[in-house]
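For reference, the structure is listed below as structure tokens.
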Amino acid sequence: MSLQGKKIAILIAPRGTEEREFAKPHEAVKQAGATVTVIGLEAGEAEAVNNDLDPAGRYQVDRTIEGASASDYDGIVIPGGCVGADKLRASKDVVAFVRDFFAAGKPVGVICHRPWTLIEADVVKGRTLTSYPTVRRDIENAGGTWVDEEVVCEKGLVTSRTPKDLPAFCAKIVEEFAEGRHPEQARSA
């Protein structure tokens, strides 16, 4: 499946994004032909982590979230990591950026703890998602339905649980990004 001509944003948090959950989706959409922009809270490089605590690779931030617009992209990937998820959901700019993807009906891929960002953006109500198991209650309290499946896709929103689910997650985000807009997704924005 080709993503030629598609522009995909991928978020990264400083010292907190799970490396595999960033690197594998980044590689998958790039290999499918997309132009990928790494968006961070700070300029420069962001250090990823393994298992939330162990330092991992460093990745160049292409642009900061300040001034970023969902209208410039065809889809977004929000990789996991508990610490990074907490940092991103605390950013009003990130929350507004993510909400704008939903309002435009653009595909969104979220893994691990990152549904926290969706909860902050108030786009979970009435949706079925999966996540890292400890996020279950947060999803339910936000009006969503949580299921324990490797990947869940609902109207352009792709969610997944952990790094072991990355093959299914990466395949599904490429498929959804190739399909393009999902107008029914805008209902929750």
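Chain labels follow the order of the structure tokens: the first chain is A, the next B, and so on; residue numbering restarts at 1 in every chain, and ligands are counted from 1 in their shown order.
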Please provide as a PyMOL selection string all residues within 10 Å of Val123 in chain A, with the sequence filter that same-chain residues fewer than 2 positions apart are discarded (counting only C-alpha atoms).
chain A and resi 98-99+102-103+115+117-121+125-127+142-144+185-189
Could those residues be written to a file, using N, CA, C and O atoms, as an mmCIF file, in the first residue's frame?
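For reference, selection39.cif as written:
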data_model
loop_
_atom_site.group_PDB
_atom_site.id
_atom_site.type_symbol
_atom_site.label_atom_id
_atom_site.label_comp_id
_atom_site.auth_asym_id
_atom_site.auth_seq_id
_atom_site.Cartn_x
_atom_site.Cartn_y
_atom_site.Cartn_z
ATOM 1 N N VAL A 98 -4.107 17.583 18.094
ATOM 2 C CA VAL A 98 -4.734 16.263 17.962
ATOM 3 C C VAL A 98 -6.240 16.413 17.716
ATOM 4 O O VAL A 98 -6.804 15.748 16.839
ATOM 5 N N ARG A 99 -6.897 17.276 18.457
ATOM 6 C CA ARG A 99 -8.337 17.492 18.284
ATOM 7 C C ARG A 99 -8.652 17.923 16.851
ATOM 8 O O ARG A 99 -9.644 17.505 16.262
ATOM 9 N N PHE A 102 -9.115 15.080 14.406
ATOM 10 C CA PHE A 102 -10.449 14.483 14.518
ATOM 11 C C PHE A 102 -11.488 15.363 13.839
ATOM 12 O O PHE A 102 -12.344 14.870 13.107
ATOM 13 N N ALA A 103 -11.418 16.662 14.073
ATOM 14 C CA ALA A 103 -12.390 17.585 13.479
ATOM 15 C C ALA A 103 -12.345 17.525 11.952
ATOM 16 O O ALA A 103 -13.376 17.683 11.291
ATOM 17 N N PRO A 115 -3.649 7.111 24.499
ATOM 18 C CA PRO A 115 -5.048 7.545 24.577
ATOM 19 C C PRO A 115 -5.264 8.650 25.616
ATOM 20 O O PRO A 115 -6.268 9.346 25.570
ATOM 21 N N THR A 117 -3.798 11.387 25.620
ATOM 22 C CA THR A 117 -3.873 12.605 24.825
ATOM 23 C C THR A 117 -5.265 12.751 24.210
ATOM 24 O O THR A 117 -5.822 13.845 24.155
ATOM 25 N N LEU A 118 -5.840 11.641 23.776
ATOM 26 C CA LEU A 118 -7.195 11.671 23.204
ATOM 27 C C LEU A 118 -8.225 12.051 24.259
ATOM 28 O O LEU A 118 -9.187 12.760 23.973
ATOM 29 N N ILE A 119 -8.004 11.563 25.477
ATOM 30 C CA ILE A 119 -8.911 11.893 26.582
ATOM 31 C C ILE A 119 -8.862 13.402 26.839
ATOM 32 O O ILE A 119 -9.895 14.052 26.986
ATOM 33 N N GLU A 120 -7.659 13.966 26.882
ATOM 34 C CA GLU A 120 -7.511 15.414 27.078
ATOM 35 C C GLU A 120 -8.169 16.190 25.942
ATOM 36 O O GLU A 120 -8.716 17.270 26.159
ATOM 37 N N ALA A 121 -8.112 15.636 24.727
ATOM 38 C CA ALA A 121 -8.710 16.301 23.566
ATOM 39 C C ALA A 121 -10.217 16.096 23.502
ATOM 40 O O ALA A 121 -10.879 16.644 22.628
ATOM 41 N N LYS A 125 -15.281 9.765 23.872
ATOM 42 C CA LYS A 125 -16.670 9.387 24.164
ATOM 43 C C LYS A 125 -17.327 8.685 22.972
ATOM 44 O O LYS A 125 -17.288 9.173 21.842
ATOM 45 N N GLY A 126 -17.906 7.514 23.244
ATOM 46 C CA GLY A 126 -18.617 6.757 22.221
ATOM 47 C C GLY A 126 -17.731 5.925 21.312
ATOM 48 O O GLY A 126 -18.231 5.287 20.392
ATOM 49 N N ARG A 127 -16.433 5.918 21.556
ATOM 50 C CA ARG A 127 -15.498 5.162 20.719
ATOM 51 C C ARG A 127 -15.050 3.872 21.410
ATOM 52 O O ARG A 127 -15.041 3.793 22.632
ATOM 53 N N ALA A 142 -13.849 8.382 30.414
ATOM 54 C CA ALA A 142 -14.020 9.416 29.389
ATOM 55 C C ALA A 142 -15.146 9.068 28.418
ATOM 56 O O ALA A 142 -15.372 9.795 27.447
ATOM 57 N N GLY A 143 -15.843 7.946 28.690
ATOM 58 C CA GLY A 143 -16.989 7.585 27.852
ATOM 59 C C GLY A 143 -16.688 6.631 26.723
ATOM 60 O O GLY A 143 -17.548 6.359 25.883
ATOM 61 N N GLY A 144 -15.464 6.102 26.692
ATOM 62 C CA GLY A 144 -15.100 5.139 25.656
ATOM 63 C C GLY A 144 -15.289 3.716 26.130
ATOM 64 O O GLY A 144 -15.507 3.454 27.315
ATOM 65 N N GLN A 185 -15.446 10.414 11.510
ATOM 66 C CA GLN A 185 -14.593 10.633 12.669
ATOM 67 C C GLN A 185 -14.813 12.027 13.263
ATOM 68 O O GLN A 185 -14.654 12.224 14.460
ATOM 69 N N ALA A 186 -15.177 12.957 12.465
ATOM 70 C CA ALA A 186 -15.343 14.344 12.929
ATOM 71 C C ALA A 186 -16.447 14.498 13.963
ATOM 72 O O ALA A 186 -16.474 15.471 14.700
ATOM 73 N N ARG A 187 -17.324 13.526 14.093
ATOM 74 C CA ARG A 187 -18.445 13.620 15.030
ATOM 75 C C ARG A 187 -18.015 13.803 16.476
ATOM 76 O O ARG A 187 -18.753 14.332 17.276
ATOM 77 N N SER A 188 -16.815 13.331 16.826
ATOM 78 C CA SER A 188 -16.411 13.385 18.233
ATOM 79 C C SER A 188 -15.481 14.540 18.547
ATOM 80 O O SER A 188 -14.999 14.646 19.653
ATOM 81 N N ALA A 189 -15.207 15.371 17.568
ATOM 82 C CA ALA A 189 -14.243 16.442 17.809
ATOM 83 C C ALA A 189 -14.905 17.665 18.418
ATOM 84 O O ALA A 189 -16.078 17.871 18.319
#
From the DSSP assignment of the backbone, select every residue of chain A that is strand (DSSP E), and format the answer as JSON, numbers by chain.
{"A": [7, 8, 9, 10, 11, 12, 35, 36, 37, 38, 39, 40, 45, 46, 47, 48, 49, 50, 54, 55, 56, 57, 58, 59, 60, 63, 64, 75, 76, 77, 78, 108, 109, 110, 111, 128, 129, 145, 146, 151, 152, 153, 154, 157, 158, 159, 160]}
Take the residues that were just selected and, keeping C-alpha atoms, output them as an mmCIF file, in the first residue's frame.
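Saved the output as out24.cif:
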data_model
loop_
_atom_site.group_PDB
_atom_site.id
_atom_site.type_symbol
_atom_site.label_atom_id
_atom_site.label_comp_id
_atom_site.auth_asym_id
_atom_site.auth_seq_id
_atom_site.Cartn_x
_atom_site.Cartn_y
_atom_site.Cartn_z
ATOM 1 C CA LYS A 7 2.316 13.912 4.790
ATOM 2 C CA ILE A 8 2.276 12.242 8.205
ATOM 3 C CA ALA A 9 3.038 13.897 11.553
ATOM 4 C CA ILE A 10 4.513 11.848 14.387
ATOM 5 C CA LEU A 11 4.729 13.250 17.914
ATOM 6 C CA ILE A 12 7.706 12.782 20.208
ATOM 7 C CA THR A 35 6.804 12.307 4.027
ATOM 8 C CA VAL A 36 7.156 12.153 7.811
ATOM 9 C CA THR A 37 7.516 15.168 10.098
ATOM 10 C CA VAL A 38 8.655 14.611 13.696
ATOM 11 C CA ILE A 39 6.912 17.146 15.924
ATOM 12 C CA GLY A 40 8.127 17.744 19.462
ATOM 13 C CA GLU A 45 16.727 16.282 19.527
ATOM 14 C CA ALA A 46 14.394 14.260 21.708
ATOM 15 C CA GLU A 47 15.692 11.279 23.636
ATOM 16 C CA ALA A 48 13.479 8.229 23.460
ATOM 17 C CA VAL A 49 13.301 5.594 26.195
ATOM 18 C CA ASN A 50 12.967 1.849 26.570
ATOM 19 C CA ASP A 54 16.030 3.462 30.224
ATOM 20 C CA PRO A 55 17.625 5.988 27.877
ATOM 21 C CA ALA A 56 17.460 4.999 24.207
ATOM 22 C CA GLY A 57 18.116 6.692 20.866
ATOM 23 C CA ARG A 58 17.947 10.366 20.090
ATOM 24 C CA TYR A 59 15.733 11.644 17.271
ATOM 25 C CA GLN A 60 15.760 14.945 15.434
ATOM 26 C CA ARG A 63 9.437 21.214 14.040
ATOM 27 C CA THR A 64 7.978 22.156 17.386
ATOM 28 C CA GLY A 75 -2.558 11.793 9.388
ATOM 29 C CA ILE A 76 -0.813 11.590 12.742
ATOM 30 C CA VAL A 77 0.942 8.921 14.798
ATOM 31 C CA ILE A 78 1.070 9.312 18.574
ATOM 32 C CA VAL A 108 -4.967 9.004 13.825
ATOM 33 C CA GLY A 109 -2.751 6.174 15.125
ATOM 34 C CA VAL A 110 -2.272 5.848 18.902
ATOM 35 C CA ILE A 111 -0.451 3.176 20.894
ATOM 36 C CA THR A 128 -14.014 1.687 21.112
ATOM 37 C CA LEU A 129 -10.268 1.687 21.794
ATOM 38 C CA THR A 145 -15.242 1.362 25.489
ATOM 39 C CA TRP A 146 -11.960 -0.463 26.141
ATOM 40 C CA VAL A 151 -5.259 -3.366 17.217
ATOM 41 C CA VAL A 152 -8.645 -1.650 17.047
ATOM 42 C CA CYS A 153 -9.722 0.517 14.132
ATOM 43 C CA GLU A 154 -12.798 2.695 14.264
ATOM 44 C CA LEU A 157 -8.747 5.936 14.669
ATOM 45 C CA VAL A 158 -6.251 3.096 15.102
ATOM 46 C CA THR A 159 -5.300 2.101 18.655
ATOM 47 C CA SER A 160 -2.965 -0.582 19.948
#
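Distances to Lys155 in chain A were evaluated for A:Phe97, A:Phe22, A:Phe177, A:Trp116 using only C-alpha atoms, and the minimum falls at A:Phe177.
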Please return as a PyMOL selection string: the residues of chain A that backbone DSSP assigns to helix (DSSP H, G or I).
chain A and resi 19-31+70-72+82-89+92-103+115-120+133-141+163-179+183-188
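Comparing A:Ala104, A:Ala28, A:Ala90, A:Leu41 by their smallest distance to Gly180 in chain A, the closest is A:Ala104 (using only C-alpha atoms).
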